[in-house]
Structures are given as C-alpha cells and as structure tokens.
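Q: Encoded as structure tokens, here's the structure I'll be asking about.
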Amino acid sequence: MEKIILKSIKNKSDYIDTEEYLVVADRKLKGLYPDIFPDNTMFIEGGECAKTKEVLFSLVERMHELSLTRNSTLYVVGGGTISDVASFAAGIYMRGIRHVILPTTLLSMTDAAIGGKCAINFMHAKNNVGIFKEPDIVYIDADFTNTLEADDLKDGFVEGFKLAALFDKDVAIKMFELLKAGEKEKLINKMTEYAPFKKAKIVEMDFRDKAIRNLLNAGHTVAHFLESQSDYKISHGKAVAMGLFMEAMLGYSDEETIQIFREFYEILYGKPEIKKDIDFDFSADKKAVDKESIDVPIVESIGKGKIVRVKRAWLEENLKKILMKI
C-alpha cells in the first residue's frame with residue numbers, strides 16, 4: 001500500500017530523496033513552480049495526448065539513457081494523465097522501479113494518483129492497455145490547486161464528491177453544501193483530507209479491482225464512452241458528472257440521488273448540453289461480463305454504492321431514452 005503524506009512542497013529537496021532519479025512533469029508547471037524541478041527533469045505535455053505508446057516509450061528510453069537501475073526512482077509531478085503514463089513506465093522499466101507521485105490537480109489528488117492503476121489509450125479505447133503499479137509515496141499539497149484553471153478544479157470536485165457519494169453520506173452532503181455555498185477553499189481542503197485516504201483503504205481491500213473497488217467506476221460507464229465519442233474534447237470530470245446523473249436515471253437510484261446529481265452537474269457545468277444522436281455501444285467496455293451482460297456501478301442512494309448487472313442491449317437502449325429527456 002502506498003504511503004500518503006500531506007506535505008508542503010516548496011523546493012526539490014522536499015521530495016527528492018535519492019541520487020539516481022528522473023523527474024517527469026507536466027510542461028505547464030515549469031514556469032509556475034521552477035524551484036521544485038532539478039535539471040534532471042523531463043517535461044511532457046499533459047492531457048490525453050500524454051497517454052500514448054509513443055510517450056510511454058519515450059520515458060522508458062530516457063530512463064535507459066540515464067542508466068537508471070532498479071534502485072533508482074522516478075518522480076512524477078502533474079495531473080492524472082501524467083501519473084498514468086509515467087507510472088506505467090516505472091512499472092515496465094527494469095520490471096519495475098520505485099516511483100513517487102506529486103499530484104498537482106485536484107482530480108489526481110482525490111483519485112488518479114491513488115491506487116496503482118496506470119494505463120494508456122489505444123486504438124480509440126480509453127485506458128485499455130495498462131498495469132497495476134502502486135507508487136511508494138504520494139505527496140498531497142493542496143496549494144498546487146491555487147494555479148489550476150476553473151475547469152480543472154471542477155474535474156476534481158466531481159471525483160471527490162463521487163467517492164463520498166458512494167460510501168459516506170454525511171461527507172457527501174457536506175461537500176455538496178460547500179459547493180452550493182461557493183466555499184471552494186473549504187471544499188478543496190475537505191476533499192484532499194478525505195478522498196486520498198478513503199480511496200487508499202478501498203484499494204487495500206481490493207487492489208486488483210475485483211470487488212468493492214469496482215464501485216469507484218460509478219459514472220464511468222457512460223463517461224468513458226462520452227469521452228471517446230468527443231475525441232476527448234469533453235473533460236473527464238464533466239463526463240463523469242454526466243455519467244453519474246444518467247446512470248442514476250436507469251431506475252436503480254432513489255429520487256434524492258437523481259436530483260442531487262442533476263443539481264451538482266448544473267452548478268458546475270450549467271444545463272446539460274449533449275448530443276442526442278449518440279449511439280451507445282459498450283461491446284468493448286472492460287466491465288462487460290460476457291457478450292450480452294455488463295456490470296454497471298451506480299450510486300443507489302447518497303452514501304451507498306451498488307453494482308447492477310444488466311443486459312448490454314437494455315443499457316444502450318435506455319441510455320438513449322435518457323438522453324432524449326435531459
């Protein structure tokens with residue numbers, strides 16, 4: 001299990017603890033936090049463009065050029081797409097070397113950097129090539145969120161709220177109230193103090209994603225499809241927020257949950273504007289049980305998650321109907 005540490009990161013000595021290393025970081029952070037990056041830093045573009053086989057092997061190539069060994073460390077500084085591809089590289093270079101993550105987006109602090117899932121997108125499918133590789137340490141410094149764009153913050157709000165909505169009603173309601181009140185700083189602190197540790201406990205119980213961890217995919221059945229359909233122009237958080245709302249309308253969630261997810265979406269993104277002519281197709285979804293059935297994690301009621309097994313054709317047909325209603 002990875003060690004999660006709440007820590008202020010002001011310079012490179014606050015996190016670099018070895019002599020043989022490579023730092024991989026989001027290029028846009030270079031000018032924002034110059035004091036935390038040593039000369040031995042490889043800057044790459046963040047976003048879904050990072051999650052390709054070309055970027056993955058460029059990182060492996062750089063580690064090889066530096067003659068890193070199994071005793072070396074890969075430090076990862078950035079959001080979820082950076083940690084995805086860099087953690088993957090750390091897992092396959094020398095059959096796995098130590099790596100440490102400094103998540104710099106709220107989304108990665110609350111979700112992506114925790115739990116050891118790392119993957120790239122391949123042949124127009126999201127996250128379909130990857131491994132499990134837990135970081136040795138994750139440093140959480142909420143001050144990184146001070147330089148985030150508003151849309152990036154929204155993505156983090158979605159994942160943090162989703163986690164609480166699945167497992168802890170009181171926490172979820174508190175987060176919802178803070179969002180409605182516009183108390184963003186308090187909401188960020190609430191999420192960074194709750195979500196990393198809560199997710200880590202779930203991962204410890206089900207590292208390989210065979211049982212309770214599957215619930216963390218709530219909202220993602222719809223979200224991943226919407227992302228790929230938009231060629232990843234829609235943000236992950238916005239897609240998940242829409243996914244939570246649409247999946248709640250399938251008939252397995254209570255009315256309060258549906259209304260909260262609707263209001264949550266509208267506070268962040270406004271009235272839903274989504275193409276009505278989408279033809280859902282989950283034949284390649286990783287949650288498919290067989291050719292006919294698929295497991296869909298949903299929020300049954302706020303604070304209680306559930307996995308429902310449905311026919312794929314039924315799901316595709318009913319989501320199409322839901323699209324016409326929103």
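Each chain in the structure tokens gets a letter, A, B, ..., in the order shown, and its residues are numbered from 1; ligands are numbered from 1 in order too.
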Name all residues at most 12 Å from Ala150 (chain A) (count only C-alpha atoms; drop same-chain ones fewer than 3 positions away) and give them as a PDB file with N, CA and C atoms, in the first residue's frame.
A:
```pdb
ATOM      1  N   THR A 105      -3.122  18.340  -9.592  1.00  0.00           N
ATOM      2  CA  THR A 105      -4.511  18.703  -9.862  1.00  0.00           C
ATOM      3  C   THR A 105      -5.385  18.081  -8.776  1.00  0.00           C
ATOM      4  N   LEU A 106      -6.532  18.689  -8.543  1.00  0.00           N
ATOM      5  CA  LEU A 106      -7.440  18.139  -7.536  1.00  0.00           C
ATOM      6  C   LEU A 106      -7.936  16.761  -7.945  1.00  0.00           C
ATOM      7  N   THR A 145      -3.373  23.501  -6.081  1.00  0.00           N
ATOM      8  CA  THR A 145      -4.656  23.832  -6.719  1.00  0.00           C
ATOM      9  C   THR A 145      -4.823  25.338  -6.923  1.00  0.00           C
ATOM     10  N   ASN A 146      -3.959  26.149  -6.297  1.00  0.00           N
ATOM     11  CA  ASN A 146      -4.076  27.608  -6.431  1.00  0.00           C
ATOM     12  C   ASN A 146      -3.833  28.087  -7.860  1.00  0.00           C
ATOM     13  N   THR A 147      -3.109  27.293  -8.635  1.00  0.00           N
ATOM     14  CA  THR A 147      -2.799  27.707 -10.009  1.00  0.00           C
ATOM     15  C   THR A 147      -3.618  26.937 -11.046  1.00  0.00           C
ATOM     16  N   LEU A 153     -10.384  22.457 -11.627  1.00  0.00           N
ATOM     17  CA  LEU A 153     -10.933  22.312 -10.283  1.00  0.00           C
ATOM     18  C   LEU A 153     -12.249  21.551 -10.315  1.00  0.00           C
ATOM     19  N   LYS A 154     -13.085  21.870 -11.282  1.00  0.00           N
ATOM     20  CA  LYS A 154     -14.381  21.198 -11.396  1.00  0.00           C
ATOM     21  C   LYS A 154     -14.209  19.688 -11.541  1.00  0.00           C
ATOM     22  N   ASP A 155     -13.240  19.289 -12.359  1.00  0.00           N
ATOM     23  CA  ASP A 155     -12.997  17.857 -12.548  1.00  0.00           C
ATOM     24  C   ASP A 155     -12.678  17.177 -11.221  1.00  0.00           C
ATOM     25  N   GLY A 156     -11.880  17.840 -10.393  1.00  0.00           N
ATOM     26  CA  GLY A 156     -11.550  17.292  -9.082  1.00  0.00           C
ATOM     27  C   GLY A 156     -12.743  17.240  -8.156  1.00  0.00           C
ATOM     28  N   PHE A 157     -13.588  18.263  -8.218  1.00  0.00           N
ATOM     29  CA  PHE A 157     -14.792  18.271  -7.391  1.00  0.00           C
ATOM     30  C   PHE A 157     -15.666  17.058  -7.702  1.00  0.00           C
ATOM     31  N   LYS A 184     -15.148  27.285  -2.074  1.00  0.00           N
ATOM     32  CA  LYS A 184     -14.240  26.421  -2.823  1.00  0.00           C
ATOM     33  C   LYS A 184     -13.011  26.005  -2.022  1.00  0.00           C
ATOM     34  N   GLY A 237     -13.890  15.005 -15.838  1.00  0.00           N
ATOM     35  CA  GLY A 237     -14.809  15.320 -14.752  1.00  0.00           C
ATOM     36  C   GLY A 237     -16.213  15.610 -15.241  1.00  0.00           C
ATOM     37  N   LEU A 268     -21.848  23.095 -11.562  1.00  0.00           N
ATOM     38  CA  LEU A 268     -20.505  23.105 -12.146  1.00  0.00           C
ATOM     39  C   LEU A 268     -20.501  23.463 -13.625  1.00  0.00           C
ATOM     40  N   TYR A 269     -21.463  22.915 -14.383  1.00  0.00           N
ATOM     41  CA  TYR A 269     -21.367  22.996 -15.843  1.00  0.00           C
ATOM     42  C   TYR A 269     -22.569  23.639 -16.529  1.00  0.00           C
TER      43      TYR A 269
END
```
Q: Do you know which residues are at most 12 Å from Leu32 (chain A) counting only C-alpha atoms, after dropping those on the same chain fewer than 6 positions away, and could you put them as a VMD selection string?
A: chain A and resid 10 25 to 26 78 104 144 to 148
Q: Quick one: write out the picked residues with all heavy atoms as a compact mmCIF listing (two decimals), in the first residue's frame?
A:
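again.txt written:
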```txt
# COMPACT_ATOMS: atom_id res chain seq x y z
N LYS A 10 7.89 23.03 -1.56
CA LYS A 10 8.36 24.35 -1.99
C LYS A 10 9.63 24.28 -2.84
O LYS A 10 9.94 25.20 -3.59
CB LYS A 10 8.61 25.25 -0.78
CG LYS A 10 7.37 25.48 0.08
CD LYS A 10 6.25 26.12 -0.72
CE LYS A 10 5.02 26.41 0.15
NZ LYS A 10 3.87 26.88 -0.64
N ALA A 25 7.44 15.57 -15.52
CA ALA A 25 6.50 16.59 -15.09
C ALA A 25 5.73 17.18 -16.26
O ALA A 25 6.19 17.17 -17.41
CB ALA A 25 7.24 17.71 -14.36
N ASP A 26 4.57 17.71 -15.94
CA ASP A 26 3.75 18.44 -16.92
C ASP A 26 4.49 19.72 -17.31
O ASP A 26 4.92 20.49 -16.46
CB ASP A 26 2.40 18.77 -16.29
CG ASP A 26 1.40 19.29 -17.31
OD1 ASP A 26 1.78 20.12 -18.16
OD2 ASP A 26 0.23 18.88 -17.25
N GLY A 78 2.49 16.15 -11.66
CA GLY A 78 1.48 16.57 -12.62
C GLY A 78 0.12 15.99 -12.29
O GLY A 78 -0.11 15.48 -11.18
N THR A 104 -0.71 17.32 -8.89
CA THR A 104 -0.83 18.78 -8.89
C THR A 104 -2.22 19.26 -9.29
O THR A 104 -2.46 20.47 -9.36
CB THR A 104 0.21 19.42 -9.81
OG1 THR A 104 0.02 18.93 -11.14
CG2 THR A 104 1.62 19.09 -9.34
N PHE A 144 -1.07 23.33 -4.63
CA PHE A 144 -0.95 23.23 -6.08
C PHE A 144 -2.25 23.64 -6.78
O PHE A 144 -2.23 24.06 -7.94
CB PHE A 144 -0.58 21.81 -6.50
CG PHE A 144 0.89 21.48 -6.34
CD1 PHE A 144 1.29 20.43 -5.54
CD2 PHE A 144 1.85 22.22 -7.01
CE1 PHE A 144 2.65 20.11 -5.39
CE2 PHE A 144 3.21 21.91 -6.87
CZ PHE A 144 3.60 20.86 -6.06
N THR A 145 -3.37 23.50 -6.08
CA THR A 145 -4.66 23.83 -6.72
C THR A 145 -4.82 25.34 -6.92
O THR A 145 -5.73 25.76 -7.65
CB THR A 145 -5.84 23.31 -5.88
OG1 THR A 145 -5.87 23.96 -4.61
CG2 THR A 145 -5.74 21.80 -5.68
N ASN A 146 -3.96 26.15 -6.30
CA ASN A 146 -4.08 27.61 -6.43
C ASN A 146 -3.83 28.09 -7.86
O ASN A 146 -4.28 29.17 -8.23
CB ASN A 146 -3.09 28.31 -5.49
CG ASN A 146 -3.43 28.11 -4.03
OD1 ASN A 146 -4.58 27.87 -3.68
ND2 ASN A 146 -2.42 28.18 -3.17
N THR A 147 -3.11 27.29 -8.64
CA THR A 147 -2.80 27.71 -10.01
C THR A 147 -3.62 26.94 -11.05
O THR A 147 -3.35 27.03 -12.24
CB THR A 147 -1.30 27.51 -10.31
OG1 THR A 147 -0.92 26.16 -10.01
CG2 THR A 147 -0.45 28.46 -9.46
N LEU A 148 -4.62 26.19 -10.58
CA LEU A 148 -5.46 25.44 -11.52
C LEU A 148 -6.49 26.34 -12.19
O LEU A 148 -7.01 27.28 -11.59
CB LEU A 148 -6.19 24.31 -10.80
CG LEU A 148 -5.37 23.11 -10.32
CD1 LEU A 148 -6.29 22.11 -9.63
CD2 LEU A 148 -4.64 22.45 -11.48
```
Q: Taking only C-alpha atoms into account, produce a table as JSON lines in which each residue of region 71-166 of chain A with an atom at most 12 Å from an atom of region 277-293 of chain A appears once, together with its shortest atom pair and the distance in Å to one decimal, ordered by chain and rising number.
A:
```
{"residue": "A:Met123", "atom": "CA", "partner": "A:Ala284", "partner_atom": "CA", "distance": 11.2}
{"residue": "A:His124", "atom": "CA", "partner": "A:Ala284", "partner_atom": "CA", "distance": 10.6}
{"residue": "A:Ala125", "atom": "CA", "partner": "A:Ala284", "partner_atom": "CA", "distance": 8.0}
{"residue": "A:Lys126", "atom": "CA", "partner": "A:Asp285", "partner_atom": "CA", "distance": 9.3}
{"residue": "A:Asn127", "atom": "CA", "partner": "A:Lys286", "partner_atom": "CA", "distance": 9.4}
{"residue": "A:Asn128", "atom": "CA", "partner": "A:Lys286", "partner_atom": "CA", "distance": 7.8}
{"residue": "A:Val129", "atom": "CA", "partner": "A:Lys286", "partner_atom": "CA", "distance": 10.9}
```
Q: Enumerate as a ChimeraX atom specification all residues of region 58-87 of chain A assigned to helix (DSSP H, G or I) by DSSP on the backbone, naming them with the chain letters and numbers the document uses.
A: /A:58-65,80-87
Q: Include C-alpha atoms and write out the residues we just selected as a short mmCIF file (atom, residue, chain, number, x, y, z; two decimals), in the first residue's frame.
A:
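The result, stored in again.cif:
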```cif
data_model
loop_
_atom_site.label_atom_id
_atom_site.label_comp_id
_atom_site.auth_asym_id
_atom_site.auth_seq_id
_atom_site.Cartn_x
_atom_site.Cartn_y
_atom_site.Cartn_z
CA SER A 58 9.95 7.97 -24.75
CA LEU A 59 10.01 7.86 -20.94
CA VAL A 60 11.46 4.35 -20.94
CA GLU A 61 14.07 5.47 -23.46
CA ARG A 62 15.07 8.42 -21.27
CA MET A 63 15.47 6.19 -18.21
CA HIS A 64 17.63 3.85 -20.26
CA GLU A 65 19.79 6.78 -21.49
CA GLY A 80 -3.72 12.19 -13.74
CA THR A 81 -2.65 11.77 -17.35
CA ILE A 82 0.99 12.40 -16.41
CA SER A 83 0.85 9.96 -13.49
CA ASP A 84 -0.89 7.38 -15.69
CA VAL A 85 1.80 7.21 -18.37
CA ALA A 86 4.78 7.80 -16.06
CA SER A 87 3.64 5.19 -13.52
#
```
Q: Nearest to Leu315 (chain A): which of A:Ile260, A:Ile267, A:Ala239, A:Val222 is it, counting only C-alpha atoms?
A: A:Val222
Q: Do a neighbour search on Lys304 (chain A) at 7 Å with only C-alpha atoms, toss out local chain neighbours closer than 5 positions, and write the hits as a ChimeraX atom specification.
A: /A:165-167,299
Q: Write out the residues from the selection above, keeping all heavy atoms, as an mmCIF file, in the first residue's frame.
A:
```cif
data_model
loop_
_atom_site.group_PDB
_atom_site.id
_atom_site.type_symbol
_atom_site.label_atom_id
_atom_site.label_comp_id
_atom_site.auth_asym_id
_atom_site.auth_seq_id
_atom_site.Cartn_x
_atom_site.Cartn_y
_atom_site.Cartn_z
ATOM 1 N N ALA A 165 -20.115 10.113 -2.244
ATOM 2 C CA ALA A 165 -21.483 9.696 -2.557
ATOM 3 C C ALA A 165 -21.629 8.179 -2.559
ATOM 4 O O ALA A 165 -22.709 7.641 -2.306
ATOM 5 C CB ALA A 165 -21.903 10.269 -3.907
ATOM 6 N N LEU A 166 -20.550 7.473 -2.827
ATOM 7 C CA LEU A 166 -20.580 6.006 -2.828
ATOM 8 C C LEU A 166 -20.520 5.409 -1.435
ATOM 9 O O LEU A 166 -21.088 4.342 -1.187
ATOM 10 C CB LEU A 166 -19.394 5.467 -3.643
ATOM 11 C CG LEU A 166 -19.501 5.528 -5.158
ATOM 12 C CD1 LEU A 166 -18.141 5.321 -5.805
ATOM 13 C CD2 LEU A 166 -20.496 4.483 -5.668
ATOM 14 N N PHE A 167 -19.830 6.094 -0.495
ATOM 15 C CA PHE A 167 -19.515 5.437 0.771
ATOM 16 C C PHE A 167 -19.879 6.211 2.039
ATOM 17 O O PHE A 167 -20.059 5.588 3.082
ATOM 18 C CB PHE A 167 -18.010 5.128 0.820
ATOM 19 C CG PHE A 167 -17.538 4.191 -0.241
ATOM 20 C CD1 PHE A 167 -16.836 4.657 -1.342
ATOM 21 C CD2 PHE A 167 -17.801 2.830 -0.168
ATOM 22 C CE1 PHE A 167 -16.398 3.798 -2.332
ATOM 23 C CE2 PHE A 167 -17.373 1.956 -1.153
ATOM 24 C CZ PHE A 167 -16.666 2.439 -2.247
ATOM 25 N N VAL A 299 -24.658 4.792 -7.895
ATOM 26 C CA VAL A 299 -24.966 5.261 -6.543
ATOM 27 C C VAL A 299 -26.456 5.017 -6.331
ATOM 28 O O VAL A 299 -27.306 5.669 -6.942
ATOM 29 C CB VAL A 299 -24.626 6.753 -6.372
ATOM 30 C CG1 VAL A 299 -25.019 7.222 -4.965
ATOM 31 C CG2 VAL A 299 -23.136 6.990 -6.614
#
```
Q: By how many Å are CA of Tyr265 (chain A) and CA of Glu48 (chain A) apart?
A: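 Calculated distance between CA of Tyr265 (chain A) and CA of Glu48 (chain A) is 22.5 Å.
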Q: Restricting the calculation to only C-alpha atoms, which member of A:Gln259, A:Gly116, A:Lys28, A:Glu316 is positioned closest to Asp206 (chain A)?
A: A:Gly116
Q: Name the residues in contact with Ser235 (chain A) at a cut-off of 9 Å, using only C-alpha atoms, excluding same-chain residues fewer than 6 positions from it; report them as a PyMOL selection string.
A: chain A and resi 151-152+155+227
Q: Taking 5 positions as the minimum chain separation for residues in the same chain, which residues sit within 10 Å of Val171 (chain A) when counting only C-alpha atoms? Answer as a short mmCIF file (atom, residue, chain, number, x, y, z; two decimals) with all heavy atoms, in the first residue's frame.
A:
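In the end it all went to out.cif:
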```cif
data_model
loop_
_atom_site.label_atom_id
_atom_site.label_comp_id
_atom_site.auth_asym_id
_atom_site.auth_seq_id
_atom_site.Cartn_x
_atom_site.Cartn_y
_atom_site.Cartn_z
N PHE A 161 -16.43 14.18 -4.88
CA PHE A 161 -17.83 14.02 -4.48
C PHE A 161 -18.33 12.63 -4.79
O PHE A 161 -19.06 12.02 -4.00
CB PHE A 161 -18.69 15.07 -5.19
CG PHE A 161 -20.15 14.97 -4.85
CD1 PHE A 161 -20.60 15.23 -3.56
CD2 PHE A 161 -21.08 14.61 -5.81
CE1 PHE A 161 -21.95 15.13 -3.23
CE2 PHE A 161 -22.43 14.51 -5.50
CZ PHE A 161 -22.87 14.78 -4.21
N LEU A 163 -16.73 9.84 -4.77
CA LEU A 163 -16.22 8.90 -3.77
C LEU A 163 -17.06 8.96 -2.50
O LEU A 163 -17.46 7.92 -1.96
CB LEU A 163 -14.76 9.23 -3.46
CG LEU A 163 -14.04 8.30 -2.48
CD1 LEU A 163 -13.97 6.88 -3.02
CD2 LEU A 163 -12.64 8.83 -2.18
N ALA A 164 -17.33 10.16 -2.02
CA ALA A 164 -18.14 10.30 -0.81
C ALA A 164 -19.57 9.83 -1.05
O ALA A 164 -20.18 9.20 -0.18
CB ALA A 164 -18.13 11.75 -0.34
N ALA A 165 -20.11 10.11 -2.24
CA ALA A 165 -21.48 9.70 -2.56
C ALA A 165 -21.63 8.18 -2.56
O ALA A 165 -22.71 7.64 -2.31
CB ALA A 165 -21.90 10.27 -3.91
N PHE A 176 -21.45 18.77 -0.82
CA PHE A 176 -22.49 19.36 -1.66
C PHE A 176 -22.88 20.74 -1.14
O PHE A 176 -23.05 21.70 -1.92
CB PHE A 176 -23.70 18.42 -1.70
CG PHE A 176 -24.76 18.82 -2.68
CD1 PHE A 176 -24.44 19.16 -3.99
CD2 PHE A 176 -26.09 18.82 -2.32
CE1 PHE A 176 -25.42 19.50 -4.91
CE2 PHE A 176 -27.09 19.17 -3.22
CZ PHE A 176 -26.74 19.52 -4.51
N GLU A 177 -22.99 20.87 0.17
CA GLU A 177 -23.35 22.16 0.78
C GLU A 177 -22.25 23.20 0.55
O GLU A 177 -22.55 24.36 0.27
CB GLU A 177 -23.60 21.97 2.28
CG GLU A 177 -24.87 21.18 2.59
CD GLU A 177 -25.02 20.86 4.07
OE1 GLU A 177 -24.02 21.03 4.81
OE2 GLU A 177 -26.12 20.43 4.47
N LYS A 190 -11.51 19.86 2.31
CA LYS A 190 -12.32 18.70 2.71
C LYS A 190 -11.99 17.50 1.82
O LYS A 190 -11.81 16.37 2.31
CB LYS A 190 -13.80 19.03 2.59
CG LYS A 190 -14.75 17.95 3.05
CD LYS A 190 -14.74 17.82 4.55
CE LYS A 190 -15.80 16.84 5.04
NZ LYS A 190 -15.73 16.64 6.51
N MET A 191 -11.89 17.76 0.53
CA MET A 191 -11.64 16.66 -0.40
C MET A 191 -10.23 16.09 -0.28
O MET A 191 -10.05 14.88 -0.34
CB MET A 191 -11.92 17.13 -1.83
CG MET A 191 -13.39 17.32 -2.11
SD MET A 191 -13.73 17.63 -3.86
CE MET A 191 -15.53 17.48 -3.86
N TYR A 194 -9.94 13.99 2.84
CA TYR A 194 -10.79 12.79 2.87
C TYR A 194 -10.47 11.79 1.77
O TYR A 194 -10.19 10.61 2.03
CB TYR A 194 -12.26 13.21 2.75
CG TYR A 194 -13.21 12.08 2.42
CD1 TYR A 194 -13.66 11.19 3.41
CD2 TYR A 194 -13.66 11.88 1.11
CE1 TYR A 194 -14.52 10.15 3.10
CE2 TYR A 194 -14.52 10.84 0.79
CZ TYR A 194 -14.95 9.97 1.79
OH TYR A 194 -15.79 8.93 1.48
N ILE A 302 -27.41 8.31 -1.73
CA ILE A 302 -26.21 9.02 -1.34
C ILE A 302 -25.58 8.33 -0.12
O ILE A 302 -26.21 8.17 0.91
CB ILE A 302 -26.50 10.50 -1.02
CG1 ILE A 302 -27.06 11.20 -2.27
CG2 ILE A 302 -25.25 11.20 -0.54
CD1 ILE A 302 -26.11 11.21 -3.46
N GLY A 303 -24.34 7.89 -0.32
CA GLY A 303 -23.63 7.15 0.72
C GLY A 303 -23.65 5.65 0.52
O GLY A 303 -23.03 4.91 1.28
#
```
Q: Just list the residues in region 27-235 of chain A DSSP gives strand (DSSP E or B) on the backbone, as number ranges by chain.
A: A: 41-44, 73-78, 98-103, 117-122, 125-132, 137-140
Q: Those residues with N, CA and C atoms, as a tab-separated table (two decimals), in the first residue's frame please?
A:
```tsv
chain	number	residue	atom	x	y	z
A	41	THR	N	14.98	16.86	-15.23
A	41	THR	CA	13.53	16.79	-15.35
A	41	THR	C	13.15	16.68	-16.82
A	42	MET	N	12.27	15.75	-17.12
A	42	MET	CA	11.75	15.58	-18.47
A	42	MET	C	10.31	16.13	-18.47
A	43	PHE	N	10.10	17.23	-19.18
A	43	PHE	CA	8.78	17.84	-19.25
A	43	PHE	C	8.02	17.31	-20.47
A	44	ILE	N	6.75	16.95	-20.25
A	44	ILE	CA	5.91	16.46	-21.34
A	44	ILE	C	4.56	17.17	-21.28
A	73	THR	N	14.78	5.99	-8.79
A	73	THR	CA	13.41	6.44	-8.52
A	73	THR	C	12.92	7.33	-9.65
A	74	LEU	N	11.67	7.13	-10.04
A	74	LEU	CA	11.00	8.02	-10.98
A	74	LEU	C	10.03	8.89	-10.19
A	75	TYR	N	10.23	10.20	-10.23
A	75	TYR	CA	9.33	11.14	-9.57
A	75	TYR	C	8.38	11.71	-10.61
A	76	VAL	N	7.11	11.75	-10.27
A	76	VAL	CA	6.07	12.15	-11.22
A	76	VAL	C	5.34	13.37	-10.66
A	77	VAL	N	5.37	14.46	-11.42
A	77	VAL	CA	4.77	15.71	-10.96
A	77	VAL	C	3.76	16.17	-12.02
A	78	GLY	N	2.49	16.15	-11.66
A	78	GLY	CA	1.48	16.57	-12.62
A	78	GLY	C	0.12	15.99	-12.29
A	98	ARG	N	11.09	1.99	-8.29
A	98	ARG	CA	10.39	2.83	-7.31
A	98	ARG	C	9.89	4.11	-7.99
A	99	HIS	N	8.66	4.51	-7.63
A	99	HIS	CA	8.21	5.81	-8.12
A	99	HIS	C	7.38	6.53	-7.08
A	100	VAL	N	7.45	7.86	-7.14
A	100	VAL	CA	6.81	8.75	-6.19
A	100	VAL	C	5.98	9.76	-6.97
A	101	ILE	N	4.76	10.02	-6.52
A	101	ILE	CA	3.88	10.93	-7.25
A	101	ILE	C	3.59	12.19	-6.43
A	102	LEU	N	3.70	13.34	-7.11
A	102	LEU	CA	3.25	14.61	-6.56
A	102	LEU	C	2.08	15.08	-7.44
A	103	PRO	N	0.86	14.74	-7.08
A	103	PRO	CA	-0.28	15.16	-7.89
A	103	PRO	C	-0.48	16.67	-7.77
A	117	LYS	N	-3.48	2.11	-10.47
A	117	LYS	CA	-3.93	1.86	-11.83
A	117	LYS	C	-3.24	2.83	-12.77
A	118	CYS	N	-2.61	2.31	-13.80
A	118	CYS	CA	-1.98	3.20	-14.77
A	118	CYS	C	-2.15	2.59	-16.16
A	119	ALA	N	-2.48	3.45	-17.11
A	119	ALA	CA	-2.80	2.94	-18.44
A	119	ALA	C	-2.65	4.02	-19.49
A	120	ILE	N	-2.60	3.58	-20.74
A	120	ILE	CA	-2.65	4.49	-21.88
A	120	ILE	C	-3.90	4.16	-22.70
A	121	ASN	N	-4.25	5.08	-23.58
A	121	ASN	CA	-5.35	4.83	-24.52
A	121	ASN	C	-4.78	4.18	-25.77
A	122	PHE	N	-5.55	3.26	-26.35
A	122	PHE	CA	-5.04	2.52	-27.50
A	122	PHE	C	-6.17	2.16	-28.44
A	125	ALA	N	-9.69	3.40	-27.65
A	125	ALA	CA	-10.31	2.93	-26.41
A	125	ALA	C	-9.53	3.51	-25.22
A	126	LYS	N	-10.26	3.97	-24.22
A	126	LYS	CA	-9.64	4.64	-23.09
A	126	LYS	C	-9.14	3.64	-22.07
A	127	ASN	N	-7.89	3.81	-21.66
A	127	ASN	CA	-7.30	3.02	-20.57
A	127	ASN	C	-7.32	1.51	-20.81
A	128	ASN	N	-7.22	1.09	-22.06
A	128	ASN	CA	-7.36	-0.35	-22.31
A	128	ASN	C	-6.04	-1.10	-22.38
A	129	VAL	N	-4.93	-0.39	-22.21
A	129	VAL	CA	-3.63	-1.05	-22.09
A	129	VAL	C	-2.94	-0.47	-20.86
A	130	GLY	N	-2.70	-1.32	-19.86
A	130	GLY	CA	-2.10	-0.80	-18.64
A	130	GLY	C	-1.71	-1.89	-17.67
A	131	ILE	N	-1.25	-1.45	-16.50
A	131	ILE	CA	-0.80	-2.35	-15.45
A	131	ILE	C	-1.23	-1.78	-14.09
A	132	PHE	N	-1.00	-2.57	-13.05
A	132	PHE	CA	-1.14	-2.09	-11.68
A	132	PHE	C	0.27	-1.82	-11.15
A	137	ILE	N	5.23	6.50	-2.57
A	137	ILE	CA	4.75	7.65	-1.79
A	137	ILE	C	3.90	8.54	-2.69
A	138	VAL	N	2.84	9.09	-2.13
A	138	VAL	CA	2.08	10.15	-2.79
A	138	VAL	C	2.08	11.36	-1.85
A	139	TYR	N	2.64	12.46	-2.31
A	139	TYR	CA	2.66	13.70	-1.52
A	139	TYR	C	1.46	14.56	-1.95
A	140	ILE	N	0.63	14.92	-0.98
A	140	ILE	CA	-0.53	15.75	-1.26
A	140	ILE	C	-0.26	17.16	-0.75
```
Q: If you count only C-alpha atoms, which residues fall within 12 Å of Asp39 (chain A), apart from same-chain ones fewer than 4 positions away, as a PyMOL selection string?
A: chain A and resi 12+21-25+30+34-35+43
Q: Can you work out the spacing between CA of Gly115 (chain A) and CA of Leu244 (chain A) in Å, to one decimal?
A: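 CA of Leu244 (chain A) lies at a distance of 21.2 Å from CA of Gly115 (chain A).
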Q: Which residues are close to Asp141 (chain A), i.e. within 7 Å by only C-alpha atoms, leaving aside same-chain residues fewer than 3 positions away? Reply as a list of chain:residue names.
A: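 Selected residues are A:Leu6, A:Lys7, A:Ser8, A:Ile9, A:Phe144.
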Q: Which of these residues is nearest to Val310 (chain A), using only C-alpha atoms: A:Phe261, A:Tyr252, A:Tyr93, A:Tyr232?
A: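 Between A:Phe261, A:Tyr252, A:Tyr93, A:Tyr232, the residue approaching Val310 (chain A) most closely is A:Tyr252.
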